[in-house]
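The data block below is data.cif; it holds mmCIF, C-alpha atoms.
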data_coords
#
loop_
_atom_site.label_atom_id
_atom_site.label_comp_id
_atom_site.auth_asym_id
_atom_site.auth_seq_id
_atom_site.Cartn_x
_atom_site.Cartn_y
_atom_site.Cartn_z
CA ASP A 1 -86.29 74.64 15.34
CA VAL A 2 -87.60 72.28 12.66
CA HIS A 3 -84.71 73.09 10.31
CA LEU A 4 -82.10 72.61 13.04
CA ALA A 5 -83.68 69.31 14.08
CA ARG A 6 -83.13 68.09 10.52
CA LEU A 7 -79.46 69.08 10.65
CA PHE A 8 -78.49 67.92 14.15
CA TYR A 9 -79.09 64.82 16.25
CA ASP A 10 -80.50 65.08 19.76
CA ASP A 11 -77.01 64.67 21.22
CA GLY A 12 -75.84 67.75 19.30
CA GLY A 13 -73.97 66.11 16.43
CA HIS A 14 -74.43 67.20 12.82
CA ARG A 15 -75.94 64.45 10.69
CA GLU A 16 -73.03 64.51 8.21
CA LEU A 17 -70.61 63.75 11.07
CA CYS A 18 -68.10 66.13 9.55
CA THR A 19 -66.78 68.84 11.87
CA GLN A 20 -66.46 71.42 9.09
CA TYR A 21 -70.18 71.22 8.36
CA HIS A 22 -71.04 70.98 12.03
CA LYS A 23 -69.36 74.37 12.44
CA ALA A 24 -71.03 75.66 9.28
CA GLY A 25 -74.35 74.92 10.98
CA ILE A 26 -73.25 76.92 14.03
CA ARG A 27 -72.16 79.75 11.73
CA ASP A 28 -75.62 79.86 10.16
CA ILE A 29 -77.30 80.06 13.58
CA LEU A 30 -75.04 82.95 14.59
CA PHE A 31 -75.57 84.67 11.23
CA PHE A 32 -79.32 84.49 11.69
CA GLU A 33 -78.99 86.00 15.15
CA GLN A 34 -76.82 88.80 13.76
CA VAL A 35 -79.23 89.55 10.90
CA LEU A 36 -82.21 89.77 13.25
CA ALA A 37 -80.31 92.09 15.57
CA ALA A 38 -79.12 94.32 12.70
CA ARG A 39 -82.68 94.67 11.41
CA GLY A 40 -84.07 95.41 14.85
CA GLU A 41 -86.31 92.35 14.73
CA GLY A 42 -85.36 90.83 18.06
CA HIS A 43 -83.07 87.94 18.86
CA PHE A 44 -83.32 84.28 17.88
CA LEU A 45 -81.36 83.22 20.97
CA VAL A 46 -83.82 84.79 23.40
CA ASP A 47 -85.90 81.61 23.11
CA GLU A 48 -84.73 79.12 25.73
CA SER A 49 -85.19 76.08 23.48
CA CYS A 50 -82.94 77.68 20.84
CA ARG A 51 -80.33 78.56 23.46
CA SER A 52 -80.37 75.01 24.79
CA LEU A 53 -80.03 73.56 21.29
CA LEU A 54 -77.07 75.78 20.41
CA ARG A 55 -75.36 74.96 23.72
CA ASN A 56 -75.77 71.25 23.01
CA ILE A 57 -74.32 71.65 19.51
CA LEU A 58 -71.31 73.52 20.88
CA LEU A 59 -70.71 71.06 23.71
CA TRP A 60 -70.70 68.22 21.17
CA LEU A 61 -67.65 69.84 19.56
CA SER A 62 -65.99 70.19 22.96
CA ARG A 63 -66.38 66.45 23.54
CA ILE A 64 -64.25 65.58 20.49
CA LEU A 65 -61.41 68.03 21.17
CA MET A 66 -57.95 66.53 20.95
CA PRO A 67 -55.13 67.42 23.38
CA ASP A 68 -53.53 69.85 20.90
CA GLY A 69 -56.74 71.91 20.72
CA THR A 70 -57.97 70.66 17.33
CA THR A 71 -61.27 68.91 16.71
CA ALA A 72 -61.08 65.23 15.80
CA VAL A 73 -61.04 64.48 12.08
CA LEU A 74 -64.32 62.79 11.19
CA ASN A 75 -65.05 61.81 7.58
CA SER A 76 -64.29 64.63 5.12
CA ALA A 77 -63.06 67.07 7.76
CA ALA A 78 -59.72 68.62 8.66
CA ALA A 79 -57.89 69.00 11.97
CA SER A 80 -58.74 72.58 12.89
CA ASN A 81 -58.81 74.98 15.82
CA ASP A 82 -61.42 77.44 14.52
CA TRP A 83 -64.04 76.09 16.97
CA LEU A 84 -62.78 78.66 19.47
CA VAL A 85 -64.18 81.57 17.43
CA PHE A 86 -67.65 80.00 17.42
CA PHE A 87 -67.47 79.41 21.16
CA ILE A 88 -66.46 83.00 21.88
CA VAL A 89 -69.15 84.55 19.67
CA ALA A 90 -71.90 82.19 20.84
CA ASN A 91 -71.07 82.42 24.52
CA ARG A 92 -71.57 86.17 24.48
CA LYS A 93 -75.25 85.23 24.17
CA LEU A 94 -75.28 82.00 26.18
CA GLY A 95 -73.00 82.81 29.12
CA ASP A 96 -72.40 79.11 29.74
CA SER A 97 -69.72 78.27 32.31
CA GLU A 98 -68.56 75.00 30.67
CA LEU A 99 -68.16 76.67 27.29
CA ALA A 100 -66.31 79.48 29.08
CA TRP A 101 -63.93 76.89 30.60
CA HIS A 102 -62.94 75.64 27.14
CA ILE A 103 -62.53 79.21 25.88
CA HIS A 104 -60.42 80.28 28.85
CA ARG A 105 -58.28 77.18 28.54
CA ARG A 106 -57.42 77.67 24.87
CA TYR A 107 -57.56 81.39 24.11
CA ARG A 108 -54.26 83.25 23.76
CA PRO A 109 -53.71 86.78 22.38
CA HIS A 110 -51.76 85.35 19.43
CA TYR A 111 -54.48 82.79 18.57
CA LEU A 112 -55.15 82.46 14.84
CA PRO A 113 -58.14 80.35 13.71
CA ARG A 114 -57.22 77.60 11.24
CA GLN A 115 -59.29 75.16 9.27
CA LYS A 116 -57.92 74.23 5.85
CA ALA A 117 -56.60 77.74 5.36
CA ILE A 118 -55.27 80.42 7.71
CA PRO A 119 -57.27 82.25 8.85
CA ALA A 120 -60.31 80.02 8.62
CA LEU A 121 -62.89 81.30 6.14
CA CYS A 122 -65.87 80.57 8.39
CA ALA A 123 -64.31 82.61 11.18
CA ARG A 124 -63.89 85.59 8.85
CA LEU A 125 -67.47 85.23 7.66
CA ILE A 126 -68.87 85.54 11.17
CA GLY A 127 -67.21 88.95 11.29
CA GLU A 128 -67.63 89.35 15.03
CA TYR A 129 -64.36 87.98 16.36
CA ASP A 130 -62.62 90.81 18.17
CA GLY A 131 -60.83 89.12 21.01
CA TYR A 132 -61.90 87.62 24.30
CA VAL A 133 -62.26 89.13 27.75
CA PRO A 134 -62.47 86.38 30.42
CA LEU A 135 -65.30 87.78 32.55
CA GLN A 136 -67.57 84.72 32.74
CA PRO A 137 -67.41 82.10 35.52
CA VAL A 138 -65.95 78.79 34.35
CA SER A 139 -66.69 75.19 35.26
CA LYS A 140 -64.67 72.17 34.15
CA PRO A 141 -66.57 69.34 32.38
CA CYS A 142 -67.76 66.76 34.90
CA SER A 143 -66.31 63.87 32.88
CA CYS A 144 -63.43 63.26 30.49
CA SER A 145 -64.95 60.53 28.32
CA ALA A 146 -68.29 60.66 26.51
CA LEU A 147 -70.73 58.50 24.59
CA LEU A 148 -72.75 60.31 21.92
CA PRO A 149 -75.20 57.56 20.91
CA ASP A 150 -77.29 59.46 18.37
CA SER A 151 -74.22 60.53 16.41
CA GLY A 152 -72.42 57.22 16.91
CA ILE A 153 -69.32 58.71 18.54
CA ALA A 154 -67.43 57.45 21.59
CA VAL A 155 -64.66 59.44 23.26
CA LEU A 156 -62.13 57.95 25.68
CA ARG A 157 -59.68 60.24 27.43
CA ASP A 158 -57.73 60.12 30.68
CA GLY A 159 -57.68 63.88 31.24
CA TRP A 160 -58.05 67.33 29.71
CA ASP A 161 -54.37 68.30 29.97
CA ARG A 162 -52.07 68.87 27.01
CA TRP A 163 -50.39 65.45 27.33
CA ALA A 164 -53.51 63.34 27.81
CA ASN A 165 -54.33 60.12 25.96
CA THR A 166 -57.45 60.51 23.80
CA MET A 167 -59.31 58.32 21.33
CA VAL A 168 -62.38 59.28 19.28
CA LEU A 169 -64.22 56.29 17.80
CA ASP A 170 -66.70 56.77 14.95
CA PHE A 171 -69.40 54.08 14.71
CA GLY A 172 -72.11 56.31 13.27
CA HIS A 173 -74.08 56.44 10.03
CA PRO A 174 -73.18 59.81 8.46
CA LEU A 175 -75.47 61.23 5.81
CA GLY A 176 -74.41 63.23 2.77
CA GLY A 177 -71.58 63.32 0.28
CA HIS A 178 -68.88 64.01 2.88
CA ALA A 179 -69.24 60.57 4.44
CA TYR A 180 -66.42 58.05 4.09
CA PRO A 181 -66.78 54.24 4.13
CA ALA A 182 -65.12 54.32 7.54
CA ARG A 183 -67.45 52.96 10.20
CA GLY A 184 -65.46 51.83 13.21
CA SER A 185 -62.57 54.20 12.44
CA PHE A 186 -60.76 56.10 15.17
CA SER A 187 -58.34 58.92 15.86
CA LEU A 188 -55.82 58.37 18.63
CA TYR A 189 -53.50 60.68 20.56
CA LEU A 190 -50.94 59.18 22.95
CA ARG A 191 -49.34 61.46 25.52
CA GLY A 192 -50.78 64.43 23.69
CA ARG A 193 -49.37 63.56 20.28
CA PRO A 194 -51.13 62.08 17.22
CA ALA A 195 -50.60 58.34 16.89
CA ALA A 196 -53.34 57.31 14.44
CA MET A 197 -55.25 59.79 12.31
CA SER A 198 -57.97 59.80 9.68
CA PRO A 199 -56.80 61.21 6.33
CA GLY A 200 -59.51 63.90 6.47
CA SER A 201 -59.83 65.94 3.31
CA PRO A 202 -57.49 67.97 1.06
CA HIS A 203 -57.62 71.71 0.47
CA ALA A 204 -59.78 71.13 -2.61
CA TYR A 205 -62.24 68.36 -3.43
CA THR A 206 -60.76 68.31 -6.95
CA ASP A 207 -57.59 66.77 -5.53
CA PRO A 208 -57.38 63.25 -7.09
CA ASP A 209 -56.52 61.77 -3.69
CA TYR A 210 -59.94 62.81 -2.39
CA GLN A 211 -61.90 60.15 -4.26
CA GLU A 212 -59.09 57.73 -5.05
CA TRP A 213 -57.67 57.46 -1.52
CA MET A 214 -59.60 59.33 1.18
CA HIS A 215 -62.97 57.91 0.12
CA THR A 216 -61.74 54.34 0.61
CA THR A 217 -61.92 52.05 3.62
CA LEU A 218 -58.24 51.22 3.11
CA SER A 219 -57.28 54.80 4.04
CA GLN A 220 -59.10 54.64 7.40
CA ASN A 221 -58.16 53.25 10.82
CA THR A 222 -60.77 50.51 10.71
CA VAL A 223 -61.39 46.90 9.74
CA MET A 224 -61.33 45.97 6.05
CA ILE A 225 -62.83 42.66 4.95
CA ASP A 226 -61.94 40.85 1.71
CA ASP A 227 -60.21 43.98 0.40
CA LEU A 228 -63.61 45.62 -0.13
CA ASN A 229 -64.73 49.13 0.76
CA GLN A 230 -67.50 49.36 3.30
CA GLU A 231 -70.83 50.16 1.75
CA GLU A 232 -71.23 53.92 1.57
CA TRP A 233 -73.89 55.22 3.89
CA GLN A 234 -77.30 56.39 2.76
CA ARG A 235 -77.30 59.77 1.06
CA PRO A 236 -80.27 62.16 1.18
#
What is this structure when it is put down as structure tokens?
Amino acid sequence: DVHLARLFYDDGGHRELCTQYHKAGIRDILFFEQVLAARGEGHFLVDESCRSLLRNILLWLSRILMPDGTTAVLNSAAASNDWLVFFIVANRKLGDSELAWHIHRRYRPHYLPRQKAIPALCARLIGEYDGYVPLQPVSKPCSCSALLPDSGIAVLRDGWDRWANTMVLDFGHPLGGHAYPARGSFSLYLRGRPAAMSPGSPHAYTDPDYQEWMHTTLSQNTVMIDDLNQEEWQRP
């Protein structure tokens, strides 16, 4: 619990505000659960506080889903659909109806998880993805928009359908080396299609565009003053 509290805010967001590393944190929780089970040492997710924490972390991802089924690009992230694997594996333990609604809405037999590569490495590492059987009850989220104050994320959407209008605004203070000088940046979908996007990150951090373009305020959908980059946020 102490370790997870250092990684995630109370609203469920990862402190780096980068969806790739948010999902890496979920992967580690699920790995730990799998290791305990394989060694016959019980289950981490039997504890109700751990179950509640994981549910909150997963629901945070669901809040920033775009109409095409990808997670919003925050800082050094990539538009990806691999969240569905984490939801399926985790909800076998949690049995949460809202998570089940997102799974049921997006899963198709031909689904292939994608992050930067296809298939997504983190999905292969979990090693437990073997399809989805829709047996759980489902419940639609009670609201479309969301304010995640600890993370510094605001989501505005007019529906959950494929052709909805959706904007994810980042006003947070991300920690770590994957943070961009991009406070106040946003990603926008109009009628279900991308209209304004963050540059995210390349396939490799050695790509010259990573530091020379993506790590600049100029590359972001935000305000730039006096042609200067925003001050980079505090790093641990």
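Distances to Arg92 in chain A were evaluated for A:Tyr111, A:Gln136, A:Thr70, A:Ser80 using only C-alpha atoms, and the minimum falls at A:Gln136.
For the file at hand, the PyMOL selection byres ((chain A and resi 8) around 10) resolves to His3, Leu4, Ala5, Arg6, Leu7, Tyr9, Asp10, Asp11, Gly12, Gly13, His14, Arg15, Glu16, Leu17, His22, Gly25, Leu53, Asn56, Ile57, Asp150 and Ser151 of chain A.
Under the PyMOL selection byres ((chain A and resi 203) around 10), the matching residues in the shown file are Ala78, Gln115, Lys116, Ala117, Ser201, Pro202, Ala204, Tyr205, Thr206, Asp207 and Tyr210 of chain A.
Comparing A:Pro113, A:Leu147, A:Asn75, A:Asp47 by their smallest distance to Asn221 in chain A, the closest is A:Asn75 (using only C-alpha atoms).
Of note, CA of Ala100 in chain A and CA of Pro137 in chain A are spaced 7.0 Å apart.
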For the PyMOL selection byres ((chain A and resi 29) around 10), applied here, can you spell out every residue it catches as a VMD selection string?
chain A and resid 4 23 to 28 30 to 34 44 to 45 50 54 90
Please report the interatomic distance between CA of Asp227 in chain A and CA of Thr19 in chain A in Å with one decimal.
28.2 Å
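Considering the residues A:Leu175, A:Leu188, A:Ala38, A:Ile88 and counting only C-alpha atoms, Arg157 in chain A has its shortest atom-to-atom contact with A:Leu188.
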Which residues are close to Ser143 in chain A, i.e. within 12 Å by only C-alpha atoms, leaving aside same-chain residues fewer than 4 positions away? Reply as a VMD selection string.
chain A and resid 62 to 63 98 139 147 155 to 160
Taking only C-alpha atoms into account, which of A:Ala72, A:Leu59, A:Ala37, A:Ile103 comes nearest Pro199 in chain A?
A:Ala72
Sel. within 10 Å of pt (-59.9, 76.9, 23.7), counting all atoms listed in the file, output as a PDB file with C-alpha atoms, keeping the file's coordinate frame:
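The file below, result.pdb, is the result:
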ATOM      1  CA  SER A  62     -65.990  70.190  22.960  1.00  0.00           C
ATOM      2  CA  LEU A  65     -61.410  68.030  21.170  1.00  0.00           C
ATOM      3  CA  ASP A  68     -53.530  69.850  20.900  1.00  0.00           C
ATOM      4  CA  GLY A  69     -56.740  71.910  20.720  1.00  0.00           C
ATOM      5  CA  THR A  70     -57.970  70.660  17.330  1.00  0.00           C
ATOM      6  CA  ASN A  81     -58.810  74.980  15.820  1.00  0.00           C
ATOM      7  CA  ASP A  82     -61.420  77.440  14.520  1.00  0.00           C
ATOM      8  CA  TRP A  83     -64.040  76.090  16.970  1.00  0.00           C
ATOM      9  CA  LEU A  84     -62.780  78.660  19.470  1.00  0.00           C
ATOM     10  CA  VAL A  85     -64.180  81.570  17.430  1.00  0.00           C
ATOM     11  CA  PHE A  87     -67.470  79.410  21.160  1.00  0.00           C
ATOM     12  CA  ILE A  88     -66.460  83.000  21.880  1.00  0.00           C
ATOM     13  CA  LEU A  99     -68.160  76.670  27.290  1.00  0.00           C
ATOM     14  CA  ALA A 100     -66.310  79.480  29.080  1.00  0.00           C
ATOM     15  CA  TRP A 101     -63.930  76.890  30.600  1.00  0.00           C
ATOM     16  CA  HIS A 102     -62.940  75.640  27.140  1.00  0.00           C
ATOM     17  CA  ILE A 103     -62.530  79.210  25.880  1.00  0.00           C
ATOM     18  CA  HIS A 104     -60.420  80.280  28.850  1.00  0.00           C
ATOM     19  CA  ARG A 105     -58.280  77.180  28.540  1.00  0.00           C
ATOM     20  CA  ARG A 106     -57.420  77.670  24.870  1.00  0.00           C
ATOM     21  CA  TYR A 107     -57.560  81.390  24.110  1.00  0.00           C
ATOM     22  CA  ARG A 108     -54.260  83.250  23.760  1.00  0.00           C
ATOM     23  CA  TYR A 111     -54.480  82.790  18.570  1.00  0.00           C
TER      24      TYR A 111
END
